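Asker: Coordinates in coords04.csv, CSV, C-alpha atoms, are listed below.
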chain,number,residue,atom,x,y,z
A,21,MET,CA,20.0,-7.0,-3.2
A,22,ARG,CA,22.2,-3.9,-3.3
A,23,ALA,CA,24.3,-3.2,-0.3
A,24,ARG,CA,22.8,0.2,0.1
A,25,LEU,CA,19.4,-1.4,0.9
A,26,ALA,CA,20.5,-3.4,3.9
A,27,VAL,CA,17.2,-3.9,5.6
A,28,ALA,CA,18.5,-3.6,9.2
A,29,VAL,CA,21.5,-2.7,11.3
A,30,PHE,CA,22.1,-5.5,13.9
A,31,LEU,CA,23.4,-3.2,16.5
A,32,LEU,CA,23.3,-3.8,20.0
A,33,GLY,CA,0.4,-7.6,-11.1
A,34,CYS,CA,-6.7,-5.8,-17.1
A,35,PRO,CA,-9.2,-4.4,-14.7
A,36,GLY,CA,-11.7,-6.8,-13.2
A,37,ALA,CA,-15.3,-6.7,-13.8
A,38,GLY,CA,-17.4,-4.6,-11.4
A,39,ARG,CA,-19.9,-6.1,-9.0
A,40,GLY,CA,-22.3,-3.2,-9.1
A,41,LYS,CA,-23.1,-0.3,-6.9
A,42,GLY,CA,-24.4,-1.0,-3.4
A,43,PRO,CA,-27.1,0.8,-1.5
A,44,PRO,CA,-26.7,4.4,-0.5
A,45,LEU,CA,-24.7,4.8,2.7
A,46,ALA,CA,-25.7,6.7,5.8
A,47,ASP,CA,-24.3,10.1,6.7
A,48,THR,CA,-22.4,9.6,10.0
A,49,GLN,CA,-20.2,12.7,9.9
A,50,GLY,CA,-22.1,14.7,12.5
A,51,THR,CA,-21.8,17.9,10.6
A,52,ASP,CA,-24.3,19.7,13.0
A,53,GLU,CA,-21.3,20.1,15.4
A,54,PRO,CA,-18.3,21.2,13.4
A,55,VAL,CA,-14.9,20.1,14.6
A,56,SER,CA,-11.8,22.3,14.0
A,57,ARG,CA,-9.2,21.1,11.5
A,58,GLY,CA,-6.6,21.1,14.2
A,59,SER,CA,-8.6,18.9,16.5
A,60,LEU,CA,-9.3,16.4,13.7
A,61,LEU,CA,-5.6,16.2,12.9
A,62,ARG,CA,-4.6,15.7,16.5
A,63,ASP,CA,-7.1,12.9,16.9
A,64,LEU,CA,-5.9,11.3,13.7
A,65,GLU,CA,-2.3,11.5,14.7
A,66,ALA,CA,-3.1,9.8,18.0
A,67,GLU,CA,-5.1,7.1,16.2
A,68,VAL,CA,-2.3,6.3,13.8
A,69,LEU,CA,0.5,6.2,16.4
A,70,ASP,CA,-1.6,4.2,18.9
A,71,GLY,CA,-2.6,1.9,16.1
A,72,TYR,CA,1.1,0.9,15.6
A,73,ASP,CA,1.1,-0.6,19.1
A,74,ARG,CA,-2.4,-2.1,19.0
A,75,ASP,CA,-2.1,-3.7,15.6
A,76,GLU,CA,-5.8,-4.5,15.4
A,77,PRO,CA,-7.6,-6.1,12.4
A,78,LEU,CA,-9.3,-3.7,10.1
A,79,ASP,CA,-12.9,-2.7,10.9
A,80,VAL,CA,-15.0,-4.3,8.1
A,81,GLN,CA,-18.3,-2.8,9.4
A,82,LEU,CA,-17.7,0.9,8.6
A,83,ARG,CA,-20.9,2.6,7.5
A,84,VAL,CA,-19.3,5.2,5.2
A,85,ILE,CA,-17.8,2.7,2.7
A,86,ASP,CA,-19.5,0.4,0.3
A,87,PRO,CA,-19.4,-3.2,1.7
A,88,VAL,CA,-19.1,-4.5,-1.9
A,89,VAL,CA,-15.5,-3.3,-1.9
A,90,GLY,CA,-14.8,-3.0,1.9
A,91,ALA,CA,-11.5,-2.3,3.5
A,92,ALA,CA,-8.0,-3.3,2.3
A,93,ARG,CA,-4.6,-4.1,3.9
A,94,ILE,CA,-1.5,-4.7,1.9
A,95,GLY,CA,1.5,-6.0,3.9
A,96,VAL,CA,5.2,-6.7,3.2
A,97,GLY,CA,5.0,-10.4,2.4
A,98,PRO,CA,3.8,-11.9,-0.9
A,99,GLY,CA,0.7,-13.4,0.9
A,100,ASP,CA,0.0,-10.4,3.1
A,101,VAL,CA,-3.2,-9.2,1.5
A,102,TRP,CA,-6.6,-8.6,3.1
A,103,VAL,CA,-9.2,-7.0,0.9
A,104,GLY,CA,-12.9,-7.1,1.6
A,105,GLU,CA,-13.9,-10.7,2.3
A,106,GLN,CA,-10.6,-12.0,0.8
A,107,VAL,CA,-8.7,-12.5,4.0
A,108,GLY,CA,-5.1,-13.5,3.3
A,109,LEU,CA,-2.3,-13.4,5.8
A,110,ALA,CA,-2.3,-9.7,6.5
A,111,THR,CA,-4.4,-9.9,9.7
A,112,SER,CA,-1.3,-8.3,11.4
A,113,ARG,CA,0.2,-5.1,10.0
A,114,TRP,CA,3.8,-6.2,10.6
A,115,PRO,CA,5.9,-8.9,8.9
A,116,LEU,CA,7.8,-11.8,10.5
A,117,ALA,CA,5.7,-13.9,12.9
A,118,THR,CA,7.2,-13.7,16.4
A,119,ASP,CA,6.4,-15.4,19.7
A,120,ARG,CA,5.1,-13.5,22.7
A,121,THR,CA,8.5,-13.3,24.4
A,122,THR,CA,10.0,-11.2,21.5
A,123,ASP,CA,10.4,-7.6,22.3
A,124,LEU,CA,9.0,-5.5,19.4
A,125,ASP,CA,8.8,-1.7,19.1
A,126,VAL,CA,7.7,0.7,16.4
A,127,LYS,CA,9.1,4.2,15.9
A,128,SER,CA,7.5,6.8,13.7
A,129,LYS,CA,10.1,8.9,11.8
A,130,LYS,CA,8.2,11.0,9.3
A,131,LEU,CA,4.4,11.0,9.8
A,132,GLU,CA,2.5,13.3,7.4
A,133,LEU,CA,-1.3,13.9,7.6
A,134,HIS,CA,-3.5,15.3,4.9
A,135,LEU,CA,-7.1,16.2,5.6
A,136,ALA,CA,-9.8,16.1,2.8
A,137,ALA,CA,-11.4,19.4,2.0
A,138,ASP,CA,-14.7,18.3,3.4
A,139,GLN,CA,-13.0,16.6,6.4
A,140,SER,CA,-14.7,13.3,5.7
A,141,ALA,CA,-11.4,11.5,5.2
A,142,ALA,CA,-7.6,11.8,5.5
A,143,TRP,CA,-4.6,10.1,4.0
A,144,VAL,CA,-1.3,9.6,5.8
A,145,SER,CA,2.2,8.5,5.1
A,146,ASP,CA,5.0,7.6,7.4
A,147,GLU,CA,8.5,6.1,7.6
A,148,VAL,CA,8.7,3.7,10.4
A,149,SER,CA,11.4,1.7,12.2
A,150,TRP,CA,10.2,-1.7,13.2
A,151,ARG,CA,12.6,-2.9,15.9
A,152,ILE,CA,13.1,-6.4,17.1
A,153,THR,CA,15.2,-7.1,20.2
A,154,ALA,CA,17.1,-10.4,20.3
A,155,CYS,CA,20.2,-11.4,22.2
A,156,ASP,CA,20.3,-8.0,23.8
A,157,ARG,CA,20.7,-6.4,20.3
A,158,VAL,CA,18.3,-4.6,18.1
A,159,ALA,CA,17.5,-5.2,14.5
A,160,VAL,CA,16.0,-2.1,12.8
A,161,ILE,CA,13.8,-2.8,9.8
A,162,PRO,CA,12.8,0.4,7.8
A,163,LEU,CA,9.3,0.3,6.4
A,164,ARG,CA,7.0,2.7,4.5
A,165,PHE,CA,3.4,3.1,5.6
A,166,THR,CA,0.5,4.8,3.8
A,167,ALA,CA,-3.2,4.7,4.7
A,168,LEU,CA,-6.6,6.2,4.1
A,169,TYR,CA,-8.7,7.0,7.2
A,170,VAL,CA,-12.4,7.9,7.2
A,171,ARG,CA,-14.4,9.8,9.8
A,172,ASP,CA,-17.0,7.3,11.0
A,173,GLY,CA,-19.1,9.1,13.6
A,174,ASP,CA,-16.7,10.7,16.1
A,175,ARG,CA,-13.7,8.4,15.4
A,176,TRP,CA,-11.0,7.8,12.7
A,177,SER,CA,-10.9,4.4,11.2
A,178,ALA,CA,-8.5,2.9,8.6
A,179,VAL,CA,-10.0,1.9,5.3
A,180,VAL,CA,-6.8,1.2,3.3
A,181,GLU,CA,-3.4,0.4,4.7
A,182,HIS,CA,-0.3,-0.3,2.6
A,183,LEU,CA,3.0,-1.3,4.3
A,184,SER,CA,6.1,-2.0,2.2
A,185,TYR,CA,9.8,-2.5,2.4
A,186,GLY,CA,11.5,-0.4,-0.3
A,187,ARG,CA,13.8,-2.4,-2.5
A,188,PRO,CA,15.0,-2.7,-6.1
A,189,LEU,CA,13.9,-5.4,-8.6
A,190,SER,CA,15.5,-8.8,-8.1
A,191,ALA,CA,16.0,-11.8,-10.3
A,192,GLU,CA,13.4,-13.7,-8.3
A,193,ASP,CA,10.6,-11.3,-9.0
A,194,HIS,CA,8.0,-12.4,-11.5
A,195,ALA,CA,4.4,-12.0,-12.5
A,196,GLY,CA,3.2,-14.8,-10.3
A,197,PHE,CA,4.9,-13.6,-7.1
A,198,GLY,CA,2.3,-12.3,-4.6
A,199,VAL,CA,-1.3,-12.9,-4.0
A,200,PRO,CA,-3.7,-11.7,-6.8
A,201,ILE,CA,-6.4,-9.3,-5.6
A,202,GLU,CA,-10.0,-10.1,-6.2
A,203,PRO,CA,-11.7,-7.3,-8.2
A,204,ALA,CA,-14.7,-5.3,-7.0
A,205,VAL,CA,-16.2,-1.9,-7.9
A,206,ALA,CA,-18.6,0.3,-6.0
A,207,ASP,CA,-19.5,2.5,-9.0
A,208,PRO,CA,-18.4,1.5,-12.5
A,209,ALA,CA,-18.5,5.0,-13.9
A,210,ILE,CA,-16.2,6.4,-11.2
A,211,ALA,CA,-13.9,3.3,-11.5
A,212,GLU,CA,-13.5,4.1,-15.2
A,213,ALA,CA,-12.8,7.7,-14.5
A,214,LEU,CA,-10.1,6.8,-12.0
A,215,ASP,CA,-8.5,4.3,-14.4
A,216,ALA,CA,-8.3,7.1,-17.0
A,217,GLY,CA,-6.8,9.4,-14.4
A,218,LEU,CA,-4.2,6.9,-13.6
A,219,THR,CA,-3.1,6.2,-17.2
A,220,PRO,CA,-0.6,9.1,-17.4
A,221,LEU,CA,1.0,8.0,-14.1
A,222,LEU,CA,1.5,4.5,-15.3
A,223,LEU,CA,3.3,5.5,-18.4
A,224,ALA,CA,7.0,5.7,-18.6
A,225,ALA,CA,6.8,8.8,-20.9
A,226,ARG,CA,7.4,12.1,-19.0
A,227,PRO,CA,6.4,14.8,-18.4
A,228,ALA,CA,2.8,13.6,-17.8
A,229,ALA,CA,-0.4,15.6,-17.7
A,230,LEU,CA,-1.7,14.5,-14.3
A,231,ASP,CA,-4.7,15.8,-12.3
A,232,LEU,CA,-3.1,16.1,-8.9
A,233,THR,CA,-4.1,17.6,-5.5
A,234,PRO,CA,-1.8,20.5,-4.3
A,235,GLU,CA,0.3,18.2,-2.1
A,236,ALA,CA,0.1,14.9,-4.0
A,237,PHE,CA,2.6,12.2,-2.9
A,238,ALA,CA,3.8,8.9,-4.4
A,239,LEU,CA,6.0,6.0,-3.4
A,240,GLY,CA,7.5,3.7,-5.9
A,241,PRO,CA,8.9,0.2,-5.3
A,242,ASP,CA,12.5,1.2,-4.6
A,243,VAL,CA,13.5,2.9,-1.4
A,244,TRP,CA,14.5,6.1,-3.3
A,245,ASP,CA,11.2,6.3,-5.2
A,246,GLU,CA,9.5,9.2,-3.4
A,247,LEU,CA,7.8,11.8,-5.5
A,248,ARG,CA,5.9,14.9,-4.6
A,249,THR,CA,4.1,17.9,-6.1
A,250,GLY,CA,3.4,21.3,-4.8
A,251,SER,CA,5.7,24.0,-3.3
A,252,GLY,CA,7.3,24.5,-6.7
A,253,SER,CA,8.0,20.7,-7.2
A,254,ASP,CA,6.8,18.8,-10.2
A,255,GLU,CA,8.6,15.5,-9.4
A,256,LEU,CA,5.4,13.4,-9.7
A,257,ALA,CA,4.6,14.7,-13.2
A,258,ALA,CA,8.2,14.6,-14.4
A,259,THR,CA,9.5,11.3,-13.0
A,260,PRO,CA,8.1,7.9,-14.0
A,261,LEU,CA,7.4,5.3,-11.3
A,262,TRP,CA,8.8,2.4,-13.5
A,263,PRO,CA,11.1,2.4,-16.5
A,264,ARG,CA,8.4,0.9,-18.8
A,265,ASP,CA,4.7,1.3,-19.1
A,266,LEU,CA,2.7,-0.3,-16.3
A,267,ARG,CA,-0.6,-2.2,-16.9
A,268,ILE,CA,-3.5,-2.7,-14.6
A,269,GLU,CA,-4.0,-6.4,-13.7
A,270,GLN,CA,-6.9,-6.3,-11.1
A,271,ARG,CA,-8.4,-3.6,-9.0
A,272,ARG,CA,-10.9,-2.8,-6.3
A,273,VAL,CA,-12.4,0.7,-6.4
A,274,GLY,CA,-14.3,2.0,-3.4
A,275,LEU,CA,-15.9,5.2,-2.3
A,276,VAL,CA,-16.2,7.2,0.9
A,277,GLU,CA,-19.7,8.5,1.2
A,278,ARG,CA,-21.4,11.0,3.6
A,279,GLY,CA,-25.0,10.2,2.7
A,280,GLY,CA,-27.2,12.0,0.2
A,281,GLY,CA,-25.1,10.9,-2.7
A,282,LYS,CA,-22.1,12.9,-1.6
A,283,THR,CA,-18.9,11.3,-2.7
A,284,THR,CA,-15.6,13.2,-2.6
A,285,ILE,CA,-13.0,10.5,-1.8
A,286,ALA,CA,-12.3,7.3,-3.8
A,287,TYR,CA,-9.7,4.6,-3.3
A,288,TRP,CA,-8.1,2.2,-5.7
A,289,VAL,CA,-6.4,-1.1,-4.5
A,290,GLY,CA,-5.0,-3.6,-6.9
A,291,THR,CA,-2.1,-5.1,-8.8
A,292,LEU,CA,-0.1,-3.8,-11.7
A,293,LEU,CA,2.0,-5.8,-14.3
A,294,ALA,CA,5.4,-4.1,-14.7
A,295,PRO,CA,7.6,-5.2,-17.6
A,296,ARG,CA,11.1,-6.1,-16.5
A,297,PRO,CA,13.5,-3.4,-17.6
A,298,ASP,CA,16.4,-5.9,-17.6
A,299,VAL,CA,14.7,-8.2,-20.2
A,300,PRO,CA,14.6,-7.3,-23.9
A,301,ALA,CA,11.1,-6.8,-25.3
A,302,THR,CA,11.6,-9.6,-27.8
A,303,ALA,CA,12.5,-12.2,-25.2
A,304,GLN,CA,9.8,-14.5,-23.7
A,305,PRO,CA,11.3,-16.1,-20.5
A,306,GLU,CA,9.2,-18.2,-18.2
A,307,PRO,CA,8.9,-17.0,-14.6
A,308,PRO,CA,10.8,-19.1,-12.0
A,309,ASP,CA,8.9,-21.9,-10.3
A,310,ASP,CA,8.1,-20.8,-6.7
A,311,SER,CA,5.8,-23.1,-4.9
A,312,ALA,CA,6.0,-21.1,-1.7
A,313,SER,CA,4.2,-18.1,-3.2
A,314,ALA,CA,0.7,-17.8,-4.6
A,315,ARG,CA,0.8,-17.9,-8.4
A,316,THR,CA,-1.6,-17.3,-11.3
A,317,PRO,CA,-1.0,-18.6,-14.8
A,318,VAL,CA,1.0,-16.3,-17.1
A,319,ARG,CA,-1.5,-15.2,-19.6
A,320,ASP,CA,0.5,-14.0,-22.5
A,321,ASP,CA,4.0,-13.1,-23.7
A,322,ALA,CA,3.8,-9.6,-22.2
A,323,ASP,CA,3.0,-11.1,-18.8
A,324,ALA,CA,5.9,-13.5,-19.1
A,325,GLN,CA,8.2,-10.5,-19.1
A,326,ALA,CA,6.5,-8.7,-16.2
A,327,VAL,CA,6.6,-8.6,-12.4
A,328,ARG,CA,3.6,-8.0,-10.1
A,329,LEU,CA,3.4,-4.8,-8.2
A,330,ARG,CA,0.9,-4.0,-5.5
A,331,ALA,CA,-0.7,-0.5,-5.7
A,332,THR,CA,-3.0,1.7,-3.7
A,333,PHE,CA,-4.2,5.1,-4.8
A,334,VAL,CA,-6.3,7.8,-3.1
A,335,PHE,CA,-8.3,10.3,-5.1
A,336,GLU,CA,-10.2,13.5,-4.1
A,337,ARG,CA,-12.9,15.0,-6.2
A,338,THR,CA,-12.1,18.6,-7.2
A,339,GLY,CA,-15.0,20.1,-9.0
A,340,THR,CA,-16.1,17.7,-11.7
A,341,SER,CA,-12.8,15.7,-11.9
A,342,TRP,CA,-10.9,13.3,-9.7
A,343,ALA,CA,-7.4,14.4,-8.6
A,344,LEU,CA,-4.7,11.9,-7.4
A,345,ALA,CA,-3.8,12.6,-3.7
A,346,GLN,CA,-1.6,9.7,-2.8
A,347,ALA,CA,0.0,6.6,-4.5
A,348,HIS,CA,2.0,3.7,-3.2
A,349,LEU,CA,3.5,1.0,-5.4
A,350,SER,CA,5.5,-1.9,-3.9
A,351,LEU,CA,7.2,-5.2,-4.6
A,352,PRO,CA,6.5,-7.9,-2.0
A,353,THR,CA,9.3,-9.3,0.1
A,354,ASP,CA,9.2,-12.8,1.6
A,355,ASP,CA,10.0,-13.5,5.2
A,356,ALA,CA,13.2,-15.4,4.4
A,357,ALA,CA,14.7,-12.5,2.5
A,358,LEU,CA,13.6,-9.9,5.1
A,359,ALA,CA,14.8,-11.8,8.1
A,360,GLY,CA,18.0,-13.0,6.4
A,361,ALA,CA,19.0,-9.4,5.6
A,362,ALA,CA,18.1,-8.3,9.1
A,363,PHE,CA,19.9,-11.1,11.1
A,364,GLY,CA,22.3,-12.7,8.7
A,365,GLY,CA,24.0,-15.8,10.1
A,366,SER,CA,22.2,-15.3,13.5
A,367,LEU,CA,18.9,-16.3,11.9
A,368,ALA,CA,17.9,-19.8,13.2
A,369,GLY,CA,14.3,-20.1,11.9
A,370,LEU,CA,11.0,-18.6,11.0
A,371,ASN,CA,7.4,-18.9,12.0
A,372,PRO,CA,8.1,-17.9,14.7
A,373,LEU,CA,11.3,-15.9,14.2
A,374,ARG,CA,14.3,-17.6,16.0
A,375,VAL,CA,17.7,-16.1,16.4
A,376,THR,CA,20.9,-17.8,17.6
A,377,CYS,CA,22.7,-15.7,20.2
A,378,PRO,CA,26.5,-15.5,19.9
A,379,PRO,CA,28.5,-16.8,22.9
A,380,ARG,CA,29.3,-14.2,25.5
Please express the file's structure as structure tokens.

Answerer:
Amino acid sequence: MRARLAVAVFLLGCPGAGRGKGPPLADTQGTDEPVSRGSLLRDLEAEVLDGYDRDEPLDVQLRVIDPVVGAARIGVGPGDVWVGEQVGLATSRWPLATDRTTDLDVKSKKLELHLAADQSAAWVSDEVSWRITACDRVAVIPLRFTALYVRDGDRWSAVVEHLSYGRPLSAEDHAGFGVPIEPAVADPAIAEALDAGLTPLLLAARPAALDLTPEAFALGPDVWDELRTGSGSDELAATPLWPRDLRIEQRRVGLVERGGGKTTIAYWVGTLLAPRPDVPATAQPEPPDDSASARTPVRDDADAQAVRLRATFVFERTGTSWALAQAHLSLPTDDAALAGAAFGGSLAGLNPLRVTCPPR
């Protein structure tokens, strides 16, 4: 991994078949008592920041999302995936299992909040410093966080969370690295519309004709891949997220409903296959054997040249179309690589994390 991406300073992967649309959802927004935009954003900010300390499991009983798709959490590690009823290892938001004596702290560095026009949902992004104190020194691990929150009654609840460590492609990445995501679709017609809307974003050709919200935001796999639109910027339409065309492997497409058939927010959670830019298109290498990570068979020659990315997208309905509001693509990073970069020769073991203190 490139030196500029040192994770810490030790200081001190074709769309899946749909499962059909579930029953209409109840309206729980409480629109008879309007709440000011400022009040909603203050409540949301408090929920996000407090949630960093609580680190609770996702609420799977939300009334404003279709249970067919459910909530989703994507973590840093290759097995850190929790979508709907597919509970992987991402019951905790943070990577690296630690014991109760380890001093952990989370610092928000760049929290941004975006409220939907109808105030039914909001999407957030943040740069966070995850800090581990060991041997009277602090390892600072920089992470990127995005999420979709819904207004369920009088509270904000997370529906989609995506945490990643920004890094470049490595030789160990391949199409079988990372847990595959089980497909599910709340509304097949809307899912197809979102797939079509994503197509220009997944292509390497630029500029792209994208339907974007006024302040659309995207994170790519590398730490430098941060693209925006609005305020005179056209980065998102002008800059590809990957050097070659991306392809949808599997996805879950859910809706945020307010009752009465009102649907203004949709979310897309899945995996993309990304051809390796360092491998000629005519080559057909086999991915490395990695028994420690969950793998799926390589299906064809194109997949043999690809790596698996995890992706989450948030869409907002604008008139008759769906506009992209937020995107987050990431490469999983296993515990050994993350902890090794953070602690170097002081790392003594994992699960839980153990660090050897230097002699005083």

Asker: If we count all atoms listed in the file, what is near Arg328 (chain A) at a cut-off of 7 Å, once residues fewer than 2 positions away on the same chain are taken out, given as a list in words?

Answerer: Gly33, His194, Ala195, Gly196, Phe197, Thr291, Leu292, Leu293, Ala294, Ala326 and Arg330 of chain A

Asker: Give me, as a ChimeraX atom specification, all polymer residues having an atom no more than 7 Å from Pro260 (chain A), counting only C-alpha atoms and skipping those fewer than 5 positions away in the same chain.

Answerer: /A:223-224,226

Asker: State, in Å with one decimal place, the distance from CA of Leu60 (chain A) to CA of Leu344 (chain A).

Answerer: 22.1 Å

Asker: Between A:Ala356, A:Leu82, A:Leu239, A:Ile152, which residue has the minimum interatomic distance to Phe333 (chain A), considering all atoms listed in the file?

Answerer: A:Leu239

Asker: Determine the nearest neighbour of Phe335 (chain A) from the options A:Pro162, A:Pro203, A:Gly95, A:Gly274, counting all atoms listed in the file.

Answerer: A:Gly274

Asker: Calculate how many Å separate CA of Glu255 (chain A) from CA of Asp242 (chain A), rounding to one decimal.

Answerer: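 Taking CA of Glu255 (chain A) and CA of Asp242 (chain A), their separation equals 15.6 Å.
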
Asker: Just how far from CA of Asp86 (chain A) is CA of Ala142 (chain A), in Å to one decimal?

Answerer: 17.3 Å

Asker: Write region 137-151 of chain A as a CSV table (one decimal), in the frame of the given file, completed to N, CA and C atoms.

Answerer:
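And here is the file that came out, result19.csv:
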chain,number,residue,atom,x,y,z
A,137,ALA,N,-10.8,18.1,1.9
A,137,ALA,CA,-11.4,19.4,2.0
A,137,ALA,C,-12.7,19.4,2.8
A,138,ASP,N,-13.5,18.3,2.7
A,138,ASP,CA,-14.7,18.3,3.4
A,138,ASP,C,-14.6,17.6,4.8
A,139,GLN,N,-13.4,17.2,5.1
A,139,GLN,CA,-13.0,16.6,6.4
A,139,GLN,C,-13.7,15.2,6.6
A,140,SER,N,-14.1,14.6,5.6
A,140,SER,CA,-14.7,13.3,5.7
A,140,SER,C,-13.6,12.2,5.7
A,141,ALA,N,-12.4,12.5,5.3
A,141,ALA,CA,-11.4,11.5,5.2
A,141,ALA,C,-10.0,12.1,5.3
A,142,ALA,N,-9.0,11.3,5.5
A,142,ALA,CA,-7.6,11.8,5.5
A,142,ALA,C,-6.7,10.7,5.1
A,143,TRP,N,-5.6,11.1,4.5
A,143,TRP,CA,-4.6,10.1,4.0
A,143,TRP,C,-3.3,10.5,4.7
A,144,VAL,N,-2.5,9.4,5.1
A,144,VAL,CA,-1.3,9.6,5.8
A,144,VAL,C,-0.2,8.8,5.2
A,145,SER,N,1.0,9.2,5.5
A,145,SER,CA,2.2,8.5,5.1
A,145,SER,C,3.2,8.6,6.2
A,146,ASP,N,4.1,7.6,6.3
A,146,ASP,CA,5.0,7.6,7.4
A,146,ASP,C,6.2,6.7,7.0
A,147,GLU,N,7.4,7.0,7.6
A,147,GLU,CA,8.5,6.1,7.6
A,147,GLU,C,8.7,5.6,9.0
A,148,VAL,N,8.6,4.3,9.1
A,148,VAL,CA,8.7,3.7,10.4
A,148,VAL,C,9.9,2.7,10.6
A,149,SER,N,10.4,2.7,11.8
A,149,SER,CA,11.4,1.7,12.2
A,149,SER,C,10.8,0.6,13.0
A,150,TRP,N,10.7,-0.6,12.4
A,150,TRP,CA,10.2,-1.7,13.2
A,150,TRP,C,11.4,-2.4,13.8
A,151,ARG,N,11.4,-2.5,15.1
A,151,ARG,CA,12.6,-2.9,15.9
A,151,ARG,C,12.3,-4.2,16.6
